[in-house]
>>> print(open('coords-v8.tsv').read())   # TSV, C-alpha atoms
chain	number	residue	atom	x	y	z
A	240	THR	CA	74.73	52.49	8.76
A	241	VAL	CA	76.10	55.98	9.21
A	242	ARG	CA	75.07	57.76	12.41
A	243	LEU	CA	75.26	61.36	13.58
A	244	TRP	CA	75.81	62.30	17.21
A	245	ASP	CA	75.47	65.51	19.20
A	246	LEU	CA	78.76	65.66	21.11
A	247	SER	CA	77.28	68.04	23.70
A	248	THR	CA	74.53	65.67	24.77
A	249	GLY	CA	75.64	62.30	23.46
A	250	SER	CA	72.29	61.94	21.70
A	251	PRO	CA	71.80	60.67	18.14
A	252	VAL	CA	70.90	63.30	15.54
A	253	GLY	CA	68.09	62.14	13.29
A	254	GLU	CA	67.76	58.63	11.94
A	255	PRO	CA	70.66	56.40	10.82
A	256	LEU	CA	71.72	57.00	7.22
A	257	VAL	CA	70.89	53.80	5.40
A	258	GLY	CA	71.91	52.79	1.88
A	259	HIS	CA	75.24	51.00	1.99
A	260	THR	CA	74.98	47.23	1.63
A	261	GLY	CA	78.29	46.50	3.35
A	262	ALA	CA	80.30	47.68	6.32
A	263	VAL	CA	81.11	51.41	6.34
A	264	ASN	CA	84.88	51.79	6.69
A	265	ALA	CA	85.48	55.51	6.30
A	266	VAL	CA	83.83	58.90	6.85
A	267	ALA	CA	84.80	62.47	5.94
A	268	CYS	CA	82.92	65.78	5.91
A	269	THR	CA	82.85	68.70	3.50
A	270	VAL	CA	80.59	71.45	2.13
A	271	LEU	CA	79.04	71.37	-1.35
A	272	ASN	CA	77.12	74.39	-2.64
A	273	GLY	CA	76.54	75.57	0.92
A	274	VAL	CA	75.29	72.18	2.07
A	275	SER	CA	77.15	70.23	4.75
A	276	LEU	CA	77.89	66.73	3.48
A	277	VAL	CA	79.29	63.51	4.82
A	278	VAL	CA	81.15	61.25	2.38
A	279	THR	CA	81.36	57.54	3.19
A	280	GLY	CA	83.23	54.52	1.83
A	281	SER	CA	82.07	50.94	2.18
A	282	ASP	CA	82.79	47.27	1.64
A	283	ASP	CA	80.07	47.46	-1.04
A	284	GLU	CA	82.70	49.19	-3.28
A	285	THR	CA	80.80	52.49	-3.37
A	286	VAL	CA	81.31	56.03	-2.12
A	287	ARG	CA	78.14	57.82	-0.99
A	288	LEU	CA	77.25	61.42	-0.21
A	289	TRP	CA	74.72	62.44	2.44
A	290	ASP	CA	73.11	65.76	3.35
A	291	LEU	CA	73.82	66.25	7.06
A	292	SER	CA	70.81	68.50	7.54
A	293	THR	CA	68.24	66.09	6.13
A	294	GLY	CA	69.95	62.71	6.28
A	295	SER	CA	69.13	62.20	2.62
A	296	PRO	CA	71.52	60.74	0.04
A	297	VAL	CA	72.94	63.26	-2.43
A	298	GLY	CA	73.05	61.98	-6.00
A	299	GLU	CA	73.91	58.45	-7.00
A	300	PRO	CA	76.60	56.33	-5.33
A	301	LEU	CA	80.07	56.96	-6.76
A	302	VAL	CA	81.18	53.77	-8.47
A	303	GLY	CA	84.67	52.94	-9.71
A	304	HIS	CA	86.54	51.00	-7.07
A	305	THR	CA	86.71	47.26	-7.72
A	306	GLY	CA	87.09	46.39	-4.05
A	307	ALA	CA	86.12	47.68	-0.63
A	308	VAL	CA	86.62	51.41	-0.04
A	309	ASN	CA	88.75	51.69	3.10
A	310	ALA	CA	89.61	55.39	3.28
A	311	VAL	CA	88.06	58.77	2.45
A	312	ALA	CA	89.43	62.31	2.71
A	313	CYS	CA	88.00	65.56	1.38
A	314	THR	CA	89.73	68.58	-0.12
A	315	VAL	CA	89.11	71.48	-2.52
A	316	LEU	CA	90.65	71.62	-5.99
A	317	ASN	CA	90.27	74.81	-8.03
A	318	GLY	CA	87.42	75.89	-5.77
A	319	VAL	CA	85.53	72.63	-6.19
A	320	PRO	CA	85.08	70.07	-3.36
A	321	HIS	CA	86.63	66.70	-4.11
A	322	ALA	CA	86.91	63.37	-2.31
A	323	VAL	CA	90.00	61.16	-2.34
A	324	THR	CA	89.46	57.47	-1.66
A	325	GLY	CA	91.58	54.34	-1.25
A	326	GLY	CA	90.58	50.71	-1.51
A	327	THR	CA	91.45	47.05	-1.62
A	328	ASP	CA	91.94	47.40	-5.39
A	329	ASP	CA	95.30	49.08	-4.50
A	330	LYS	CA	94.13	52.35	-6.08
A	331	VAL	CA	93.67	55.94	-4.94
A	332	ARG	CA	90.79	57.67	-6.73
A	333	VAL	CA	89.78	61.31	-6.92
A	334	TRP	CA	86.13	62.37	-7.29
A	335	ASP	CA	84.57	65.69	-8.29
A	336	LEU	CA	81.73	65.93	-5.78
A	337	THR	CA	79.85	68.51	-7.84
A	338	SER	CA	79.46	66.18	-10.81
A	339	GLY	CA	79.92	62.85	-9.02
A	340	THR	CA	82.54	61.78	-11.53
A	341	LEU	CA	86.06	60.42	-11.34
A	342	VAL	CA	88.83	62.88	-12.06
A	343	ALA	CA	91.14	61.37	-14.69
A	344	ARG	CA	92.74	57.99	-14.09
A	345	PRO	CA	93.16	56.20	-10.75
A	346	LEU	CA	96.39	56.97	-8.92
A	347	SER	CA	98.34	53.73	-9.29
A	348	GLY	CA	101.56	52.70	-7.59
A	349	HIS	CA	100.69	50.82	-4.44
A	350	SER	CA	101.07	47.05	-4.73
A	351	ASN	CA	98.54	46.18	-2.02
A	352	THR	CA	95.43	47.50	-0.27
A	353	VAL	CA	95.30	51.24	0.44
A	354	ARG	CA	94.21	51.58	4.07
A	355	ALA	CA	94.48	55.34	4.65
A	356	VAL	CA	94.40	58.69	2.83
A	357	ALA	CA	94.79	62.29	3.93
A	358	CYS	CA	94.94	65.60	2.08
A	359	THR	CA	97.16	68.62	2.53
A	360	SER	CA	99.19	71.08	0.44
A	361	LEU	CA	102.87	71.08	-0.41
A	362	GLU	CA	104.51	74.25	-1.72
A	363	GLY	CA	101.07	75.53	-2.61
A	364	ALA	CA	100.02	72.42	-4.52
A	365	PRO	CA	97.19	70.16	-3.28
A	366	ILE	CA	98.40	66.65	-2.50
A	367	ALA	CA	97.07	63.40	-1.12
A	368	VAL	CA	99.04	61.12	1.19
A	369	SER	CA	98.20	57.41	1.13
A	370	GLY	CA	99.26	54.51	3.33
A	371	SER	CA	99.15	50.89	2.25
A	372	ILE	CA	99.53	47.30	3.32
A	373	ASP	CA	102.57	47.31	1.01
A	374	HIS	CA	104.52	49.10	3.81
A	375	THR	CA	104.76	52.40	1.91
A	376	VAL	CA	103.42	55.93	2.18
A	377	ARG	CA	102.99	57.77	-1.12
A	378	LEU	CA	102.38	61.40	-2.04
A	379	TRP	CA	100.26	62.38	-5.02
A	380	ASP	CA	99.89	65.70	-6.83
A	381	LEU	CA	96.11	66.04	-7.08
A	382	SER	CA	96.33	68.51	-9.96
A	383	THR	CA	98.28	66.13	-12.20
A	384	GLY	CA	97.80	62.68	-10.63
A	385	ALA	CA	101.57	62.23	-10.54
A	386	LEU	CA	103.52	60.62	-7.73
A	387	VAL	CA	105.45	63.25	-5.74
A	388	GLY	CA	108.98	62.17	-4.92
A	389	ARG	CA	109.85	58.67	-3.87
A	390	PRO	CA	107.61	56.43	-1.77
A	391	LEU	CA	108.26	56.74	1.95
A	392	THR	CA	109.49	53.25	2.73
A	393	ASP	CA	110.99	53.41	6.21
A	394	GLN	CA	108.05	51.41	7.60
A	395	ALA	CA	108.48	48.10	9.39
A	396	GLY	CA	104.94	46.97	8.65
A	397	PRO	CA	101.71	47.74	6.79
A	398	VAL	CA	100.49	51.34	7.17
A	399	TYR	CA	96.99	51.53	8.64
A	400	ALA	CA	96.55	55.25	9.37
A	401	VAL	CA	97.62	58.65	8.04
A	402	ALA	CA	96.94	62.21	9.18
A	403	CYS	CA	98.51	65.51	8.10
A	404	THR	CA	99.43	68.60	10.08
A	405	VAL	CA	102.05	71.37	10.26
A	406	LEU	CA	105.05	71.22	12.58
A	407	ASP	CA	107.09	74.40	13.01
A	408	GLY	CA	105.92	75.62	9.61
A	409	ALA	CA	106.67	72.37	7.77
A	410	PRO	CA	103.92	70.09	6.41
A	411	ILE	CA	104.19	66.63	7.92
A	412	ALA	CA	102.37	63.32	7.82
A	413	VAL	CA	101.79	61.19	10.91
A	414	THR	CA	101.40	57.48	10.21
A	415	GLY	CA	100.37	54.47	12.24
A	416	SER	CA	101.68	51.01	11.42
A	417	HIS	CA	101.10	47.34	12.10
A	418	ASP	CA	104.41	47.30	13.98
A	419	GLY	CA	102.94	49.53	16.72
A	420	THR	CA	104.96	52.63	15.86
A	421	VAL	CA	103.82	56.15	15.07
A	422	ARG	CA	106.07	57.93	12.57
A	423	LEU	CA	106.44	61.53	11.44
A	424	TRP	CA	107.46	62.45	7.89
A	425	ASP	CA	108.62	65.76	6.47
A	426	LEU	CA	106.57	65.96	3.28
A	427	SER	CA	108.95	68.47	1.68
A	428	THR	CA	111.92	66.12	1.86
A	429	GLY	CA	110.32	62.70	2.28
A	430	SER	CA	112.48	62.12	5.34
A	431	PRO	CA	111.48	60.80	8.76
A	432	VAL	CA	111.22	63.42	11.50
A	433	GLY	CA	112.99	62.17	14.58
A	434	GLU	CA	112.63	58.66	15.92
A	435	PRO	CA	109.39	56.67	15.73
A	436	LEU	CA	107.03	57.41	18.62
A	437	ALA	CA	107.13	54.19	20.61
A	438	GLY	CA	104.73	53.04	23.29
A	439	HIS	CA	101.99	51.09	21.59
A	440	THR	CA	102.40	47.32	21.75
A	441	GLY	CA	99.91	46.53	19.00
A	442	ALA	CA	99.00	47.74	15.52
A	443	VAL	CA	98.07	51.43	15.30
A	444	ASN	CA	94.64	51.66	13.65
A	445	ALA	CA	93.89	55.37	13.63
A	446	VAL	CA	95.57	58.79	13.82
A	447	ALA	CA	94.15	62.29	14.19
A	448	CYS	CA	95.89	65.65	14.66
A	449	ALA	CA	95.00	68.94	16.32
A	450	VAL	CA	96.66	71.89	18.05
A	451	LEU	CA	96.07	72.00	21.81
A	452	ASP	CA	97.31	74.91	23.90
A	453	GLY	CA	99.54	75.95	21.01
A	454	ALA	CA	101.23	72.57	20.72
A	455	PRO	CA	100.80	70.26	17.69
A	456	MET	CA	99.38	66.97	18.93
A	457	ALA	CA	98.48	63.57	17.51
A	458	VAL	CA	96.13	61.03	19.02
A	459	THR	CA	96.46	57.36	18.09
A	460	ALA	CA	94.37	54.24	18.65
A	461	SER	CA	95.84	50.76	18.82
A	462	HIS	CA	95.05	47.06	19.03
A	463	ASP	CA	96.81	47.17	22.40
A	464	ALA	CA	93.56	48.60	23.85
A	465	THR	CA	94.95	52.10	24.38
A	466	VAL	CA	94.50	55.56	22.93
A	467	ARG	CA	97.61	57.72	23.24
A	468	LEU	CA	98.26	61.43	22.88
A	469	TRP	CA	101.63	62.66	21.60
A	470	ASN	CA	103.31	66.06	21.59
A	471	LEU	CA	104.65	66.19	18.05
A	472	ARG	CA	107.14	68.96	18.79
A	473	THR	CA	108.90	66.99	21.54
A	474	GLY	CA	107.97	63.44	20.56
A	475	GLU	CA	106.87	62.86	24.15
A	476	PRO	CA	103.69	61.04	25.22
A	477	ALA	CA	101.08	63.43	26.59
A	478	GLY	CA	98.27	61.16	27.73
A	479	LEU	CA	96.87	57.64	27.68
A	480	ILE	CA	93.37	56.17	27.84
A	481	ALA	CA	92.47	52.51	28.21
A	482	ALA	CA	89.87	51.66	25.57
A	483	THR	CA	88.37	48.38	24.41
A	484	SER	CA	89.04	47.74	20.71
A	485	PRO	CA	89.62	51.37	19.64
A	486	GLN	CA	89.29	51.66	15.86
A	487	ALA	CA	88.74	55.36	15.15
A	488	VAL	CA	89.62	58.69	16.74
A	489	ALA	CA	88.71	62.35	16.19
A	490	LEU	CA	90.18	65.28	18.12
A	491	THR	CA	88.80	68.83	18.23
A	492	ALA	CA	90.77	72.02	18.86
A	493	ASP	CA	88.99	72.50	22.19
A	494	GLY	CA	90.16	69.11	23.42
A	495	GLN	CA	87.16	66.88	22.85
A	496	LEU	CA	88.20	63.37	21.89
A	497	ALA	CA	85.81	60.92	20.23
A	498	VAL	CA	86.84	57.26	20.14
A	499	GLY	CA	85.08	54.53	18.18
A	500	MET	CA	85.29	51.34	20.23
A	501	GLY	CA	83.63	48.23	18.86
A	502	GLN	CA	79.96	49.18	18.52
A	503	ASP	CA	80.25	52.25	20.78
A	504	VAL	CA	81.48	55.83	20.51
A	505	ALA	CA	82.95	57.38	23.66
A	506	VAL	CA	83.54	61.13	24.05
A	507	PHE	CA	86.22	62.37	26.43
A	508	THR	CA	86.56	65.95	27.65
A	509	ARG	CA	90.01	67.29	28.42
A	510	CYS	CA	90.31	68.80	31.90
A	511	SER	CA	93.23	69.99	33.99
A	512	ARG	CA	94.15	68.04	37.08
A	513	GLN	CA	93.00	70.97	39.19
A	514	THR	CA	89.59	71.34	37.58
A	515	ARG	CA	88.81	67.72	36.81
A	516	ARG	CA	85.34	66.90	37.93
A	517	ASP	CA	82.28	64.99	36.85
A	518	VAL	CA	81.11	66.73	33.67
A	519	GLY	CA	78.64	64.04	32.65
A	520	ARG	CA	81.15	62.38	30.35
A	521	ARG	CA	84.55	60.78	30.60
A	522	THR	CA	87.56	63.03	31.14
A	523	TRP	CA	91.17	62.57	30.09
>>> encode(input="coords-v8.tsv", output="structure tokens")
Amino acid sequence: TVRLWDLSTGSPVGEPLVGHTGAVNAVACTVLNGVSLVVTGSDDETVRLWDLSTGSPVGEPLVGHTGAVNAVACTVLNGVPHAVTGGTDDKVRVWDLTSGTLVARPLSGHSNTVRAVACTSLEGAPIAVSGSIDHTVRLWDLSTGALVGRPLTDQAGPVYAVACTVLDGAPIAVTGSHDGTVRLWDLSTGSPVGEPLAGHTGAVNAVACAVLDGAPMAVTASHDATVRLWNLRTGEPAGLIAATSPQAVALTADGQLAVGMGQDVAVFTRCSRQTRRDVGRRTW
């Protein structure tokens, strides 16, 4: 199932979205023809679109992957919303959400399961960044389908998570790995930015980025039962939460942090030490 939640009240919004016949591994949101959509990827090898206002499926499932769909990201190409997906078939695929069709050929190059994808732009060109069990991060030009530069290979383990942001004007990727490290990459040069961010003692499952109080931040979730916040400009840790089996994170610009933990979703509100109080939810 796919479920919607009101972060202000913690209440479910509407009924669960039902249609996938396998576990749902990935979720992303976009807008299509003025309609807010959620795009989901599943073990059933399909990508599905849902109208957030009605909870109804939009069109037919998108079929093309020959294995579980592990990752979904959304972007806009030439004014048209697209989805980028990665799966256990080692492929990255690009979908035109208006027509529900694949765009050209799959993006091939990874030699093992693609676990994560993110979208950004590089020198004005739309790109996708993918992370794989094959220990590499790859950049793809979404206009041409070509690999951009060399694979980023300075990973000590499989890459489970990727997010993109901007650091001091430069586009960067933040990756989480099986080896417990969080790494920053300058997408213009393909080089690591500083030393790996160390602190996790287990595989890093999820990464999200936001700007808080003017500082670029990343939040990461790990098998070590912690969620950690990092200041990307300094590389310093900026917060830690104990969490049982954290698998997914989302961070808003106003400091709300949603963490998927097992079968639960917890929402944390960021408060200063001076003003911390009981706000009806957890604080961090």
>>> residues_around(input="coords-v8.tsv", residues="Val376 in chain A", least_positions_apart="4", cutoff="10 Å", atoms="all atoms listed in the file", output="PyMOL selection string")
chain A and resi 349+353+355-356+368-372+389-394+397-398+400-401+412+414+424+429
>>> residues_around(input="coords-v8.tsv", residues="Thr279 in chain A", least_positions_apart="2", cutoff="6 Å", atoms="all atoms listed in the file", output="list of chain:residue names")
A:Ala265, A:Val266, A:Val286, A:Arg287
>>> closest_residue(input="coords-v8.tsv", among="A:Thr248, A:Thr375, A:Thr285, A:Thr293", to="Arg332 in chain A", atoms="all atoms listed in the file")
A:Thr285
>>> axis_aligned_box(input="coords-v8.tsv", around="range 256-273 of chain A", padding_each_side="8 Å", output="JSON")
{"center_x": 78.2, "center_y": 61.0, "center_z": 2.3, "size_x": 30.6, "size_y": 45.1, "size_z": 25.9}
>>> closest_residue(input="coords-v8.tsv", among="A:Val498, A:Val323, A:Met456, A:Leu361", to="Ala267 in chain A", atoms="all atoms listed in the file")
A:Val323
>>> decode(input="coords-v8.tsv", residues="range 255-286 of chain A", atoms="N, CA, C and O atoms", output="short mmCIF file (atom, residue, chain, number, x, y, z; two decimals), in the first residue's frame")
data_model
loop_
_atom_site.label_atom_id
_atom_site.label_comp_id
_atom_site.auth_asym_id
_atom_site.auth_seq_id
_atom_site.Cartn_x
_atom_site.Cartn_y
_atom_site.Cartn_z
N PRO A 255 -5.88 4.06 1.97
CA PRO A 255 -4.61 3.61 1.36
C PRO A 255 -4.79 3.43 -0.14
O PRO A 255 -5.86 3.06 -0.63
N LEU A 256 -3.70 3.73 -0.88
CA LEU A 256 -3.71 3.55 -2.33
C LEU A 256 -3.30 2.11 -2.64
O LEU A 256 -2.19 1.69 -2.34
N VAL A 257 -4.22 1.38 -3.21
CA VAL A 257 -4.05 -0.06 -3.38
C VAL A 257 -3.99 -0.39 -4.87
O VAL A 257 -4.80 0.11 -5.66
N GLY A 258 -3.04 -1.24 -5.25
CA GLY A 258 -2.92 -1.65 -6.65
C GLY A 258 -1.66 -2.45 -6.88
O GLY A 258 -1.65 -3.40 -7.65
N HIS A 259 -0.58 -2.07 -6.20
CA HIS A 259 0.65 -2.84 -6.31
C HIS A 259 0.43 -4.24 -5.73
O HIS A 259 -0.29 -4.41 -4.75
N THR A 260 1.10 -5.22 -6.32
CA THR A 260 0.98 -6.60 -5.84
C THR A 260 2.26 -7.06 -5.14
O THR A 260 2.43 -8.24 -4.87
N GLY A 261 3.16 -6.12 -4.89
CA GLY A 261 4.39 -6.42 -4.16
C GLY A 261 4.75 -5.23 -3.29
O GLY A 261 4.11 -4.18 -3.34
N ALA A 262 5.78 -5.40 -2.50
CA ALA A 262 6.23 -4.33 -1.61
C ALA A 262 6.52 -3.06 -2.40
O ALA A 262 7.05 -3.11 -3.51
N VAL A 263 6.15 -1.90 -1.83
CA VAL A 263 6.44 -0.61 -2.44
C VAL A 263 7.77 -0.10 -1.89
O VAL A 263 7.90 0.13 -0.69
N ASN A 264 8.73 0.07 -2.77
CA ASN A 264 10.10 0.41 -2.36
C ASN A 264 10.44 1.88 -2.46
O ASN A 264 11.41 2.33 -1.84
N ALA A 265 9.69 2.63 -3.27
CA ALA A 265 10.10 4.01 -3.57
C ALA A 265 8.90 4.88 -3.88
O ALA A 265 7.91 4.42 -4.46
N VAL A 266 9.01 6.16 -3.48
CA VAL A 266 7.94 7.14 -3.68
C VAL A 266 8.56 8.47 -4.09
O VAL A 266 9.58 8.88 -3.53
N ALA A 267 7.93 9.16 -5.03
CA ALA A 267 8.32 10.52 -5.38
C ALA A 267 7.07 11.28 -5.79
O ALA A 267 6.06 10.67 -6.17
N CYS A 268 7.11 12.60 -5.70
CA CYS A 268 5.95 13.43 -6.03
C CYS A 268 6.27 14.40 -7.15
O CYS A 268 7.40 14.85 -7.29
N THR A 269 5.24 14.73 -7.93
CA THR A 269 5.38 15.70 -9.01
C THR A 269 4.01 16.27 -9.33
O THR A 269 3.02 15.97 -8.65
N VAL A 270 3.96 17.11 -10.37
CA VAL A 270 2.70 17.70 -10.83
C VAL A 270 2.56 17.42 -12.32
O VAL A 270 3.50 17.63 -13.09
N LEU A 271 1.40 16.94 -12.73
CA LEU A 271 1.13 16.62 -14.14
C LEU A 271 -0.17 17.30 -14.54
O LEU A 271 -1.24 16.99 -13.98
N ASN A 272 -0.08 18.25 -15.48
CA ASN A 272 -1.27 18.96 -15.95
C ASN A 272 -2.05 19.59 -14.80
O ASN A 272 -3.29 19.52 -14.77
N GLY A 273 -1.33 20.14 -13.83
CA GLY A 273 -1.97 20.79 -12.70
C GLY A 273 -2.44 19.86 -11.60
O GLY A 273 -2.99 20.33 -10.60
N VAL A 274 -2.22 18.58 -11.78
CA VAL A 274 -2.66 17.59 -10.79
C VAL A 274 -1.45 17.08 -10.01
O VAL A 274 -0.43 16.69 -10.60
N SER A 275 -1.55 17.11 -8.68
CA SER A 275 -0.47 16.58 -7.85
C SER A 275 -0.49 15.06 -7.88
O SER A 275 -1.52 14.44 -7.63
N LEU A 276 0.68 14.49 -8.23
CA LEU A 276 0.80 13.05 -8.37
C LEU A 276 1.82 12.48 -7.41
O LEU A 276 2.78 13.16 -7.03
N VAL A 277 1.65 11.22 -7.07
CA VAL A 277 2.71 10.44 -6.44
C VAL A 277 3.06 9.32 -7.41
O VAL A 277 2.19 8.75 -8.07
N VAL A 278 4.35 9.06 -7.53
CA VAL A 278 4.87 8.02 -8.42
C VAL A 278 5.54 6.97 -7.54
O VAL A 278 6.38 7.31 -6.70
N THR A 279 5.19 5.71 -7.72
CA THR A 279 5.68 4.65 -6.84
C THR A 279 6.31 3.52 -7.63
O THR A 279 5.92 3.23 -8.76
N GLY A 280 7.31 2.87 -7.01
CA GLY A 280 7.98 1.72 -7.61
C GLY A 280 7.88 0.53 -6.68
O GLY A 280 7.96 0.68 -5.45
N SER A 281 7.75 -0.66 -7.24
CA SER A 281 7.41 -1.83 -6.44
C SER A 281 8.18 -3.08 -6.84
O SER A 281 8.72 -3.18 -7.94
N ASP A 282 8.17 -4.04 -5.92
CA ASP A 282 8.69 -5.37 -6.21
C ASP A 282 7.93 -6.05 -7.35
O ASP A 282 8.42 -7.03 -7.92
N ASP A 283 6.72 -5.56 -7.66
CA ASP A 283 5.94 -6.19 -8.74
C ASP A 283 6.42 -5.76 -10.13
O ASP A 283 5.77 -6.05 -11.13
N GLU A 284 7.57 -5.02 -10.17
CA GLU A 284 8.23 -4.61 -11.41
C GLU A 284 7.52 -3.48 -12.14
O GLU A 284 7.85 -3.17 -13.29
N THR A 285 6.55 -2.84 -11.48
CA THR A 285 5.83 -1.75 -12.12
C THR A 285 6.09 -0.41 -11.43
O THR A 285 6.48 -0.36 -10.26
N VAL A 286 5.83 0.65 -12.20
CA VAL A 286 5.79 2.02 -11.69
C VAL A 286 4.36 2.49 -11.85
O VAL A 286 3.76 2.33 -12.91
#
